[in-house]
Amino acid sequence: MTYEDAGGIKKNCHQTTYGMSERLLGAVVGTHGDDNGLIFPPKIAPIQVVIMPVAAHKNEDVMNTVNMVSETLRNHGLRTHIDARKIRPGQKFYDWEIKGVPLRLEIGPRDIENGTAFAARRTGGKSPISISDIVSEVNNELSEIAAELSDRCNNTYSKMVQKLNSMDDQIDDSIVYEIAFDGSDSDAEILEKNTGLTILGDDILPYDEPQKCIITGKMTTRKQHIGKMY
């Protein structure tokens, strides 16, 4: 998949991951993808906005407007792509949906009459936005998409990561457990043998207040996670 940057230079999408590791990119795809394909968070999306002319053969102002909107957005630092392929609109929608482009804009003769572009978010939701204020409108749409993805991620995290307070608690191997653990290697073996899970590593942030180590009972601020390894 390629797009043109503000200077008209064609780039491949993997050139815009800004030093992102393949593992991190995989985490983004796994976290934000859905049954219809990828969903890129706007800040890291190779293409942030795809613009589609509708019925351009009926009104030459359509392509003029599409080009103007794309250039305006690019001049304000947004990554855009114009899809003027002569194929069914449904195929275009599918192509960009599966590739995870956050925002789709459709512009046709009726939209030009109304001074609007039809905006469709990859996260769901469609509405007309003002062409005369296109930069602000698009930035608002992208902000809403980013907020929606953040909310979804936090909801998933709250369901999939739970605190394990005692070795007597029932273990669900589909859950990642947060634990207070600061034991030795032999303590780690006991933990993993009794839970059937594997220590995944330390959390970036320790506990604010000391907690009882789940094995030794000693007080520690060290926060770790355990889960099933595949």
# chains A, B, ... in the order shown; residues from 1 in each chain; ligands from 1
>>> residues_around(residues="range 149-152 of chain A", least_positions_apart="4", cutoff="8 Å", atoms="only C-alpha atoms", output="ChimeraX atom specification")
/A:32,41,123,145,156
>>> write_last_selection(atoms="N, CA and C atoms", output="PDB file, in the first residue's frame")
ATOM      1  N   HIS A  32      -6.149  -3.216  18.299  1.00  0.00           N
ATOM      2  CA  HIS A  32      -7.167  -2.352  17.704  1.00  0.00           C
ATOM      3  C   HIS A  32      -7.890  -2.942  16.502  1.00  0.00           C
ATOM      4  N   PRO A  41      -4.568   3.621  14.866  1.00  0.00           N
ATOM      5  CA  PRO A  41      -4.753   4.888  15.581  1.00  0.00           C
ATOM      6  C   PRO A  41      -4.277   6.035  14.682  1.00  0.00           C
ATOM      7  N   THR A 123     -14.015   3.509  13.133  1.00  0.00           N
ATOM      8  CA  THR A 123     -14.544   2.986  14.395  1.00  0.00           C
ATOM      9  C   THR A 123     -16.067   2.976  14.429  1.00  0.00           C
ATOM     10  N   ILE A 145     -11.890   9.486  16.935  1.00  0.00           N
ATOM     11  CA  ILE A 145     -11.480   8.107  16.642  1.00  0.00           C
ATOM     12  C   ILE A 145     -10.434   7.648  17.643  1.00  0.00           C
ATOM     13  N   THR A 156     -11.044  -3.331  27.328  1.00  0.00           N
ATOM     14  CA  THR A 156     -10.476  -4.673  27.146  1.00  0.00           C
ATOM     15  C   THR A 156      -9.474  -4.976  28.249  1.00  0.00           C
TER      16      THR A 156
END
>>> residues_around(residues="range 46-50 of chain A", least_positions_apart="2", cutoff="6 Å", atoms="only C-alpha atoms", output="PyMOL selection string")
chain A and resi 13+16+42+79-82+101-104
>>> select_by_dssp(residues="range 39-148 of chain A", states="strand (DSSP E)", output="number ranges by chain")
A: 49-53, 80-82, 103-107, 116-121, 126-130
>>> residues_around(residues="Ile215 in chain A", least_positions_apart="6", cutoff="12 Å", atoms="only C-alpha atoms", output="list of chain:residue names")
A:Leu164, A:Asn165, A:Ser166, A:Met167, A:Asp168, A:Ile179, A:Ala180, A:Phe181, A:Asp182, A:Gly183, A:Ser184, A:Asp185, A:Ser186, A:Asp187, A:Ala188, A:Glu189, A:Ile190, A:Leu191, A:Glu192, A:Asn194, A:Thr195
>>> write_last_selection(atoms="N, CA and C atoms", output="compact mmCIF listing (two decimals), in the first residue's frame")
# COMPACT_ATOMS: atom_id res chain seq x y z
N LEU A 164 -4.58 -10.79 41.14
CA LEU A 164 -4.59 -12.09 41.82
C LEU A 164 -4.03 -11.87 43.22
N ASN A 165 -4.88 -12.01 44.22
CA ASN A 165 -4.48 -11.69 45.59
C ASN A 165 -3.97 -12.90 46.36
N SER A 166 -4.39 -14.08 45.94
CA SER A 166 -4.04 -15.27 46.72
C SER A 166 -3.88 -16.47 45.80
N MET A 167 -3.01 -17.39 46.20
CA MET A 167 -2.83 -18.62 45.44
C MET A 167 -4.07 -19.51 45.53
N ASP A 168 -4.96 -19.21 46.45
CA ASP A 168 -6.19 -19.99 46.60
C ASP A 168 -7.28 -19.55 45.63
N ILE A 179 0.11 -9.29 39.88
CA ILE A 179 0.47 -9.81 41.20
C ILE A 179 1.56 -8.96 41.84
N ALA A 180 1.59 -9.01 43.15
CA ALA A 180 2.73 -8.48 43.89
C ALA A 180 3.68 -9.66 44.09
N PHE A 181 4.85 -9.58 43.53
CA PHE A 181 5.80 -10.70 43.63
C PHE A 181 7.22 -10.17 43.64
N ASP A 182 7.96 -10.59 44.63
CA ASP A 182 9.36 -10.19 44.74
C ASP A 182 10.17 -11.33 45.33
N GLY A 183 9.86 -12.56 44.87
CA GLY A 183 10.50 -13.74 45.42
C GLY A 183 11.74 -14.15 44.66
N SER A 184 12.29 -15.29 45.06
CA SER A 184 13.49 -15.84 44.43
C SER A 184 13.10 -16.68 43.22
N ASP A 185 14.11 -17.27 42.56
CA ASP A 185 13.84 -18.15 41.43
C ASP A 185 13.01 -19.36 41.85
N SER A 186 13.30 -19.88 43.04
CA SER A 186 12.54 -21.04 43.52
C SER A 186 11.10 -20.64 43.83
N ASP A 187 10.90 -19.42 44.33
CA ASP A 187 9.54 -18.92 44.56
C ASP A 187 8.80 -18.78 43.23
N ALA A 188 9.53 -18.35 42.20
CA ALA A 188 8.92 -18.20 40.87
C ALA A 188 8.48 -19.56 40.33
N GLU A 189 9.28 -20.60 40.59
CA GLU A 189 8.93 -21.95 40.15
C GLU A 189 7.65 -22.42 40.85
N ILE A 190 7.53 -22.14 42.15
CA ILE A 190 6.32 -22.50 42.89
C ILE A 190 5.11 -21.80 42.31
N LEU A 191 5.27 -20.50 42.03
CA LEU A 191 4.18 -19.70 41.48
C LEU A 191 3.71 -20.28 40.14
N GLU A 192 4.66 -20.55 39.25
CA GLU A 192 4.30 -21.02 37.92
C GLU A 192 3.74 -22.44 37.95
N ASN A 194 2.07 -23.90 40.43
CA ASN A 194 0.76 -23.96 41.07
C ASN A 194 -0.34 -23.25 40.27
N THR A 195 0.04 -22.30 39.43
CA THR A 195 -0.96 -21.58 38.64
C THR A 195 -1.05 -22.10 37.21
>>> residues_around(residues="Asp61 in chain A", least_positions_apart="6", cutoff="12 Å", atoms="only C-alpha atoms", output="list in words")
Pro53, Val54, Ala55, Asn67, Met68, Val69, Ile107, Gly108, Pro109, Arg110, Asp111, Ile112, Glu113 and Gly115 of chain A
>>> closest_residue(among="A:Leu200, A:Ala117, A:Cys153, A:Ala84", to="Ile129 in chain A", atoms="only C-alpha atoms")
A:Ala117
>>> atom_distance(atom1="CA of Asn59 in chain A", atom2="CA of Gly124 in chain A")
29.1 Å
>>> atom_distance(atom1="CA of Ile134 in chain A", atom2="CA of Asn64 in chain A")
14.9 Å
>>> residues_around(residues="Val161 in chain A", least_positions_apart="6", cutoff="7 Å", atoms="only C-alpha atoms", output="PyMOL selection string")
chain A and resi 175-178
>>> atom_distance(atom1="CA of Asp172 in chain A", atom2="CA of Met229 in chain A")
13.1 Å
